[in-house]
Amino acid sequence: MSQTKTKLLRKDAPIGVFDSGVGGLTVAREIMRQIPNEKIVYFGDTARVPYGSKSKETVTRFSEQIVRFLHTFQVKTIVVACNTASAYALDQLEHDIDIPIIGVLKPGAKAAMEATENGRIGVIATEATIGSGMYNKYIKEWNRDVTIYGKACPLFVPLIEEGLWEDPVTDEIARRYLTELIDIDIDTLILGCTHYPLIRSTLGRIAGDQVTLVNPAYETAIELREMLADMDLLNDEEPGLGSNRYQFYVSDKAEKFVRFANSIIKYGILSAKTVNIEDY
Ligand code: DGL
C-alpha cells in the first residue's frame with residue numbers, strides 16, 4: 001500500500017466487511033463494539049454459502065466479485081471476515097486492490113502464538129481452512145517451535161445457524177470434535193470459523209479451563225483499529241442519524257439473514273438489500 005494511495009482515502013468512508021453469509025456478523029459486531037465511530041457496509045454471500053467445502057478457485061472468484069461490489073461504496077478498507085476466504089483468497093485480493101485489506105487468520109494466529117505456553121495450538125475450522133494449512137503457515141512464520149493441530153468441524157455451522165448454541169446435540173458433537181485435541185494436550189484453541197464464537201461457552205466448557213480460546217473476530221477488530229490509526233484513517237466523528245452507519249447486503253433473500261443478524265447484533269438491523277453478485 002503506497003502513501004499516495006492512502007492519501008486518497010477518506011476517514012469518514014465506510015469499512016467493507018464480507019463473509020460467505022451470516023457468520024461474519026461476529027466480526028462486524030466486534031468492529032461495532034471496538035471502533036463505534038466507523039461506518040460498515042457488510043456483504044453476506046447467502047446465495048453461495050458455504051465456502052468451507054468449496055475449492056480455492058471458486059472461493060477466490062466469489063471473493064473478487066464481492067470486493068468489486070464493496071468498491072462501489074468507496075470503502076477505505078476491506079475486512080475479509082470469512083476464515084475460508086481469508087485462507088484461500090487474501091493473497092490474491094491483496095494483489096487486486098489498492099486499498100488496505102485484512103483477513104481474520106493473521107490476527108487469530110498471532111494471538112494464539114502469544115497465548116500458548118506449551119507450544120501446542122489447536123485450530124478448529126472448516127475443511128477448506130484446515131486443508132489450506134494457512135493458520136499453520138502464519139504461526140510457523142513467527143515461531144517454528146510451535147505445533148499446530150487442525151481439526152475440521154463441518155457440523156458446527158449448520159448447528160449454529162439452526163440456533164442450537166446451547167443444546168445437548170451441539171455438546172455431543174463438540175465433545176467428539178475436541179476430544180482428540182484435548183488428548184494431545186493443546187493449551188490454546190483458535191476458533192477458526194466465523195460462527196464458532198457463538199458457541200464459545202460450549203467449547204470452553206468442553207475444552208476445560210487449561211485451554212485458552214482465541215477468537216479471531218475479536219483480534220481482527222483490534223488489528224483493524226491499529227491499522228486505521230497508523231494510517232490516520234480512524235473516523236474522528238460519530239456518524240449522525242440517517243448516515244447509513246451500518247448497511248447490509250446479501251445475495252439471496254434477506255429475511256433469514258435479518259433474523260439471524262438481530263439475534264447477535266444489538267443495533268436493530270431493520271433490513272438487508274439483495275444484490276445480484278454475479279453482476280460484479
Ligand atoms: N464463514 C465461513 C468461515 O469462517 C464458515 C461458513 C462457510 O463454510 O461458508 O470459514
# chains A, B, ... in the order shown; residues from 1 in each chain; ligands from 1
$ residues_around --residues "Tyr135 (chain A)" --least-positions-apart "6" --cutoff "9 Å" --atoms "only C-alpha atoms" --output "number ranges by chain"
A: 87, 105-106, 108-109, 123, 129, 148, 150, 192
$ residues_near_ligand --ligand "ligand 1" --cutoff "6 Å" --atoms "only C-alpha atoms and all ligand atoms" --output "PDB file with all heavy atoms, in the first residue's frame"
ATOM      1  N   ASP A  19     -18.407 -11.816   4.097  1.00  0.00           N
ATOM      2  CA  ASP A  19     -18.368 -13.209   4.546  1.00  0.00           C
ATOM      3  C   ASP A  19     -19.224 -14.026   3.586  1.00  0.00           C
ATOM      4  O   ASP A  19     -19.986 -13.487   2.780  1.00  0.00           O
ATOM      5  CB  ASP A  19     -18.932 -13.304   5.980  1.00  0.00           C
ATOM      6  CG  ASP A  19     -18.973 -14.742   6.483  1.00  0.00           C
ATOM      7  OD1 ASP A  19     -17.940 -15.429   6.401  1.00  0.00           O
ATOM      8  OD2 ASP A  19     -20.036 -15.195   6.927  1.00  0.00           O
ATOM      9  N   SER A  20     -19.131 -15.347   3.739  1.00  0.00           N
ATOM     10  CA  SER A  20     -19.962 -16.238   2.923  1.00  0.00           C
ATOM     11  C   SER A  20     -21.438 -16.158   3.326  1.00  0.00           C
ATOM     12  O   SER A  20     -22.292 -16.652   2.602  1.00  0.00           O
ATOM     13  CB  SER A  20     -19.465 -17.674   3.094  1.00  0.00           C
ATOM     14  OG  SER A  20     -19.453 -18.020   4.459  1.00  0.00           O
ATOM     15  N   GLY A  23     -22.142 -15.577   9.240  1.00  0.00           N
ATOM     16  CA  GLY A  23     -21.106 -15.775  10.253  1.00  0.00           C
ATOM     17  C   GLY A  23     -20.238 -14.553  10.482  1.00  0.00           C
ATOM     18  O   GLY A  23     -19.856 -14.249  11.620  1.00  0.00           O
ATOM     19  N   VAL A  49     -23.274 -19.615   0.048  1.00  0.00           N
ATOM     20  CA  VAL A  49     -22.733 -20.259   1.246  1.00  0.00           C
ATOM     21  C   VAL A  49     -23.036 -21.754   1.159  1.00  0.00           C
ATOM     22  O   VAL A  49     -24.050 -22.132   0.564  1.00  0.00           O
ATOM     23  CB  VAL A  49     -23.383 -19.626   2.516  1.00  0.00           C
ATOM     24  CG1 VAL A  49     -24.850 -19.928   2.623  1.00  0.00           C
ATOM     25  CG2 VAL A  49     -22.626 -19.945   3.773  1.00  0.00           C
ATOM     26  N   PRO A  50     -22.239 -22.690   1.646  1.00  0.00           N
ATOM     27  CA  PRO A  50     -20.986 -22.466   2.382  1.00  0.00           C
ATOM     28  C   PRO A  50     -19.773 -22.366   1.459  1.00  0.00           C
ATOM     29  O   PRO A  50     -19.760 -22.934   0.374  1.00  0.00           O
ATOM     30  CB  PRO A  50     -20.905 -23.729   3.236  1.00  0.00           C
ATOM     31  CG  PRO A  50     -21.513 -24.806   2.379  1.00  0.00           C
ATOM     32  CD  PRO A  50     -22.619 -24.124   1.625  1.00  0.00           C
ATOM     33  N   TYR A  51     -18.774 -21.626   1.932  1.00  0.00           N
ATOM     34  CA  TYR A  51     -17.490 -21.579   1.238  1.00  0.00           C
ATOM     35  C   TYR A  51     -16.574 -22.712   1.714  1.00  0.00           C
ATOM     36  O   TYR A  51     -15.656 -23.112   1.010  1.00  0.00           O
ATOM     37  CB  TYR A  51     -16.769 -20.249   1.530  1.00  0.00           C
ATOM     38  CG  TYR A  51     -17.276 -19.047   0.778  1.00  0.00           C
ATOM     39  CD1 TYR A  51     -18.457 -19.071   0.030  1.00  0.00           C
ATOM     40  CD2 TYR A  51     -16.565 -17.843   0.823  1.00  0.00           C
ATOM     41  CE1 TYR A  51     -18.900 -17.930  -0.638  1.00  0.00           C
ATOM     42  CE2 TYR A  51     -16.997 -16.710   0.156  1.00  0.00           C
ATOM     43  CZ  TYR A  51     -18.166 -16.755  -0.568  1.00  0.00           C
ATOM     44  OH  TYR A  51     -18.593 -15.634  -1.228  1.00  0.00           O
ATOM     45  N   GLY A  52     -16.849 -23.184   2.932  1.00  0.00           N
ATOM     46  CA  GLY A  52     -15.923 -24.107   3.599  1.00  0.00           C
ATOM     47  C   GLY A  52     -15.748 -25.453   2.935  1.00  0.00           C
ATOM     48  O   GLY A  52     -14.830 -26.194   3.258  1.00  0.00           O
ATOM     49  N   CYS A  82     -14.533 -13.800   6.623  1.00  0.00           N
ATOM     50  CA  CYS A  82     -14.660 -15.252   6.475  1.00  0.00           C
ATOM     51  C   CYS A  82     -13.270 -15.910   6.584  1.00  0.00           C
ATOM     52  O   CYS A  82     -12.345 -15.530   5.850  1.00  0.00           O
ATOM     53  CB  CYS A  82     -15.259 -15.527   5.099  1.00  0.00           C
ATOM     54  SG  CYS A  82     -15.481 -17.259   4.727  1.00  0.00           S
ATOM     55  N   ASN A  83     -13.159 -16.877   7.473  1.00  0.00           N
ATOM     56  CA  ASN A  83     -11.873 -17.581   7.611  1.00  0.00           C
ATOM     57  C   ASN A  83     -11.499 -18.299   6.325  1.00  0.00           C
ATOM     58  O   ASN A  83     -10.343 -18.281   5.896  1.00  0.00           O
ATOM     59  CB  ASN A  83     -11.949 -18.604   8.750  1.00  0.00           C
ATOM     60  CG  ASN A  83     -11.903 -17.966  10.117  1.00  0.00           C
ATOM     61  OD1 ASN A  83     -10.893 -18.005  10.800  1.00  0.00           O
ATOM     62  ND2 ASN A  83     -12.990 -17.348  10.538  1.00  0.00           N
ATOM     63  N   THR A  84     -12.483 -18.935   5.701  1.00  0.00           N
ATOM     64  CA  THR A  84     -12.196 -19.690   4.480  1.00  0.00           C
ATOM     65  C   THR A  84     -11.712 -18.751   3.365  1.00  0.00           C
ATOM     66  O   THR A  84     -10.715 -19.039   2.692  1.00  0.00           O
ATOM     67  CB  THR A  84     -13.454 -20.464   4.030  1.00  0.00           C
ATOM     68  OG1 THR A  84     -13.892 -21.302   5.101  1.00  0.00           O
ATOM     69  CG2 THR A  84     -13.174 -21.298   2.805  1.00  0.00           C
ATOM     70  N   THR A 126     -13.396 -24.765   9.121  1.00  0.00           N
ATOM     71  CA  THR A 126     -13.997 -25.533   8.021  1.00  0.00           C
ATOM     72  C   THR A 126     -12.940 -26.459   7.401  1.00  0.00           C
ATOM     73  O   THR A 126     -11.729 -26.288   7.629  1.00  0.00           O
ATOM     74  CB  THR A 126     -14.510 -24.597   6.905  1.00  0.00           C
ATOM     75  OG1 THR A 126     -13.387 -23.898   6.353  1.00  0.00           O
ATOM     76  CG2 THR A 126     -15.547 -23.602   7.416  1.00  0.00           C
ATOM     77  N   CYS A 193     -13.386 -20.199  12.633  1.00  0.00           N
ATOM     78  CA  CYS A 193     -14.540 -20.079  11.731  1.00  0.00           C
ATOM     79  C   CYS A 193     -15.446 -19.015  12.322  1.00  0.00           C
ATOM     80  O   CYS A 193     -15.602 -18.944  13.549  1.00  0.00           O
ATOM     81  CB  CYS A 193     -15.262 -21.431  11.662  1.00  0.00           C
ATOM     82  SG  CYS A 193     -16.825 -21.369  10.766  1.00  0.00           S
ATOM     83  N   THR A 194     -16.019 -18.211  11.441  1.00  0.00           N
ATOM     84  CA  THR A 194     -16.824 -17.064  11.889  1.00  0.00           C
ATOM     85  C   THR A 194     -17.888 -17.425  12.917  1.00  0.00           C
ATOM     86  O   THR A 194     -18.198 -16.630  13.802  1.00  0.00           O
ATOM     87  CB  THR A 194     -17.547 -16.462  10.673  1.00  0.00           C
ATOM     88  OG1 THR A 194     -18.114 -17.534   9.904  1.00  0.00           O
ATOM     89  CG2 THR A 194     -16.617 -15.642   9.824  1.00  0.00           C
TER      90      THR A 194
END
$ atom_distance --atom1 "CA of Val146 (chain A)" --atom2 "CA of Arg120 (chain A)"
6.1 Å
$ select_by_dssp --residues "region 41-205 of chain A" --states "alpha helix (DSSP H)" --output "PyMOL selection string"
chain A and resi 56-71+83-96+105-115+127-132+134-142+156-161+168-183+200-205
$ residues_around --residues "Leu189 (chain A)" --least-positions-apart "6" --cutoff "8 Å" --atoms "only C-alpha atoms" --output "list of chain:residue names"
A:Ala112, A:Ile121, A:Gly122, A:Val123, A:Ile124, A:Val211, A:Thr212, A:Leu213, A:Val214
$ write_last_selection --atoms "all heavy atoms" --output "CSV table (one decimal), in the first residue's frame"
chain,number,residue,atom,x,y,z
A,112,ALA,N,-2.9,-16.5,19.2
A,112,ALA,CA,-2.7,-17.8,19.7
A,112,ALA,C,-1.2,-18.1,20.0
A,112,ALA,O,-0.9,-18.7,21.0
A,112,ALA,CB,-3.1,-18.8,18.6
A,121,ILE,N,-1.0,-25.8,19.8
A,121,ILE,CA,-2.1,-25.0,19.5
A,121,ILE,C,-3.1,-25.8,18.6
A,121,ILE,O,-2.7,-26.4,17.6
A,121,ILE,CB,-1.7,-23.7,18.7
A,121,ILE,CG1,-0.8,-22.8,19.6
A,121,ILE,CG2,-2.9,-22.9,18.2
A,121,ILE,CD1,-0.2,-21.6,18.8
A,122,GLY,N,-4.4,-25.8,19.0
A,122,GLY,CA,-5.4,-26.5,18.2
A,122,GLY,C,-6.1,-25.4,17.4
A,122,GLY,O,-6.3,-24.3,17.8
A,123,VAL,N,-6.5,-25.8,16.2
A,123,VAL,CA,-7.3,-24.9,15.3
A,123,VAL,C,-8.5,-25.7,14.9
A,123,VAL,O,-8.4,-26.8,14.4
A,123,VAL,CB,-6.6,-24.5,14.0
A,123,VAL,CG1,-7.4,-23.5,13.2
A,123,VAL,CG2,-5.2,-23.9,14.3
A,124,ILE,N,-9.7,-25.2,15.1
A,124,ILE,CA,-10.9,-25.8,14.6
A,124,ILE,C,-11.5,-24.8,13.5
A,124,ILE,O,-11.5,-23.6,13.7
A,124,ILE,CB,-12.0,-26.1,15.7
A,124,ILE,CG1,-12.2,-24.9,16.6
A,124,ILE,CG2,-11.5,-27.3,16.5
A,124,ILE,CD1,-13.4,-25.1,17.6
A,211,VAL,N,-7.4,-24.6,28.7
A,211,VAL,CA,-7.2,-24.3,27.3
A,211,VAL,C,-7.7,-22.8,27.1
A,211,VAL,O,-8.9,-22.5,27.5
A,211,VAL,CB,-8.0,-25.2,26.4
A,211,VAL,CG1,-8.0,-24.8,24.9
A,211,VAL,CG2,-7.5,-26.7,26.5
A,212,THR,N,-6.9,-22.0,26.5
A,212,THR,CA,-7.3,-20.6,26.2
A,212,THR,C,-7.9,-20.6,24.8
A,212,THR,O,-7.4,-21.1,23.8
A,212,THR,CB,-6.0,-19.7,26.1
A,212,THR,OG1,-5.3,-19.8,27.4
A,212,THR,CG2,-6.4,-18.2,25.9
A,213,LEU,N,-9.1,-20.0,24.8
A,213,LEU,CA,-9.8,-19.9,23.5
A,213,LEU,C,-9.4,-18.6,22.8
A,213,LEU,O,-9.4,-17.5,23.4
A,213,LEU,CB,-11.3,-19.9,23.7
A,213,LEU,CG,-11.9,-21.2,24.4
A,213,LEU,CD1,-13.4,-21.1,24.3
A,213,LEU,CD2,-11.4,-22.5,23.7
A,214,VAL,N,-9.1,-18.6,21.5
A,214,VAL,CA,-8.7,-17.4,20.8
A,214,VAL,C,-9.8,-17.1,19.8
A,214,VAL,O,-10.2,-18.0,19.0
A,214,VAL,CB,-7.4,-17.6,20.1
A,214,VAL,CG1,-7.1,-16.4,19.1
A,214,VAL,CG2,-6.2,-17.7,21.1
$ closest_residue --among "A:Thr46, A:Asn244, A:Gln65, A:Gln34" --to "Tyr280 (chain A)" --atoms "only C-alpha atoms"
A:Gln65
$ atom_distance --atom1 "CA of Thr60 (chain A)" --atom2 "CA of Pro216 (chain A)"
20.6 Å
$ closest_atom_pairs --of "region 207-244 of chain A" --to "region 39-42 of chain A" --cutoff "10 Å" --atoms "only C-alpha atoms" --output "tab-separated table"
residue	atom	partner	partner_atom	distance
A:Asn235	CA	A:Lys39	CA	8.5
A:Glu238	CA	A:Lys39	CA	9.2
A:Pro239	CA	A:Lys39	CA	7.3
A:Ser243	CA	A:Lys39	CA	8.6
A:Asn244	CA	A:Lys39	CA	7.5
$ closest_residue --among "A:Thr179, A:Thr77, A:Ser263, A:Ser55" --to "Lys11 (chain A)" --atoms "only C-alpha atoms"
A:Thr77
$ residues_around --residues "Ile15 (chain A)" --least-positions-apart "6" --cutoff "12 Å" --atoms "only C-alpha atoms" --output "ChimeraX atom specification"
/A:9,28,31-32,35-43,67,70-81,99-102,221,224-225,228,233-235,245-248
$ residues_around --residues "region 204-206 of chain A" --least-positions-apart "3" --cutoff "12 Å" --atoms "only C-alpha atoms" --output "short mmCIF file (atom, residue, chain, number, x, y, z; two decimals) with C-alpha atoms, in the first residue's frame"
data_model
loop_
_atom_site.label_atom_id
_atom_site.label_comp_id
_atom_site.auth_asym_id
_atom_site.auth_seq_id
_atom_site.Cartn_x
_atom_site.Cartn_y
_atom_site.Cartn_z
CA GLU A 166 -26.69 -24.38 23.95
CA THR A 170 -24.05 -29.45 19.96
CA ASP A 171 -22.42 -30.60 23.21
CA GLU A 172 -22.09 -34.14 21.92
CA ILE A 173 -20.67 -33.08 18.54
CA ALA A 174 -18.25 -30.67 20.21
CA ARG A 175 -17.05 -33.43 22.53
CA ARG A 176 -16.35 -35.70 19.55
CA TYR A 177 -14.51 -33.00 17.65
CA LEU A 178 -12.48 -31.71 20.58
CA THR A 179 -11.51 -34.96 22.29
CA GLU A 180 -8.51 -35.65 20.09
CA LEU A 181 -7.22 -32.09 20.55
CA ILE A 182 -7.63 -32.29 24.31
CA ASP A 187 -3.31 -25.30 25.73
CA THR A 188 -4.70 -22.88 23.13
CA LEU A 189 -7.60 -23.29 20.71
CA ILE A 190 -8.27 -20.99 17.74
CA LEU A 191 -11.97 -20.65 16.90
CA TYR A 196 -17.69 -20.58 16.47
CA PRO A 197 -17.57 -17.59 18.86
CA LEU A 198 -21.34 -18.08 19.14
CA ILE A 199 -20.77 -21.45 20.88
CA ARG A 200 -17.81 -20.23 22.82
CA SER A 201 -19.25 -21.22 26.19
CA ASP A 209 -10.01 -24.28 31.97
CA GLN A 210 -6.47 -25.19 30.93
CA VAL A 211 -7.24 -24.26 27.29
CA THR A 212 -7.26 -20.60 26.20
CA LEU A 213 -9.81 -19.89 23.47
CA VAL A 214 -8.73 -17.42 20.78
CA ASN A 215 -11.44 -15.53 18.92
#
$ decode --residues "region 79-94 of chain A" --atoms "C-alpha atoms" --output "mmCIF file, in the first residue's frame"
data_model
loop_
_atom_site.group_PDB
_atom_site.id
_atom_site.type_symbol
_atom_site.label_atom_id
_atom_site.label_comp_id
_atom_site.auth_asym_id
_atom_site.auth_seq_id
_atom_site.Cartn_x
_atom_site.Cartn_y
_atom_site.Cartn_z
ATOM 1 C CA VAL A 79 -12.110 -6.864 6.142
ATOM 2 C CA VAL A 80 -12.324 -10.437 4.898
ATOM 3 C CA ALA A 81 -14.400 -11.699 7.820
ATOM 4 C CA CYS A 82 -14.660 -15.252 6.475
ATOM 5 C CA ASN A 83 -11.873 -17.581 7.611
ATOM 6 C CA THR A 84 -12.196 -19.690 4.480
ATOM 7 C CA ALA A 85 -11.971 -16.672 2.165
ATOM 8 C CA SER A 86 -9.062 -15.297 4.208
ATOM 9 C CA ALA A 87 -7.261 -18.638 3.869
ATOM 10 C CA TYR A 88 -7.902 -19.085 0.166
ATOM 11 C CA ALA A 89 -8.252 -15.644 -1.366
ATOM 12 C CA LEU A 90 -6.495 -12.974 0.714
ATOM 13 C CA ASP A 91 -3.187 -13.150 -1.169
ATOM 14 C CA GLN A 92 -4.960 -12.680 -4.496
ATOM 15 C CA LEU A 93 -7.188 -9.881 -3.182
ATOM 16 C CA GLU A 94 -4.154 -8.016 -1.848
#
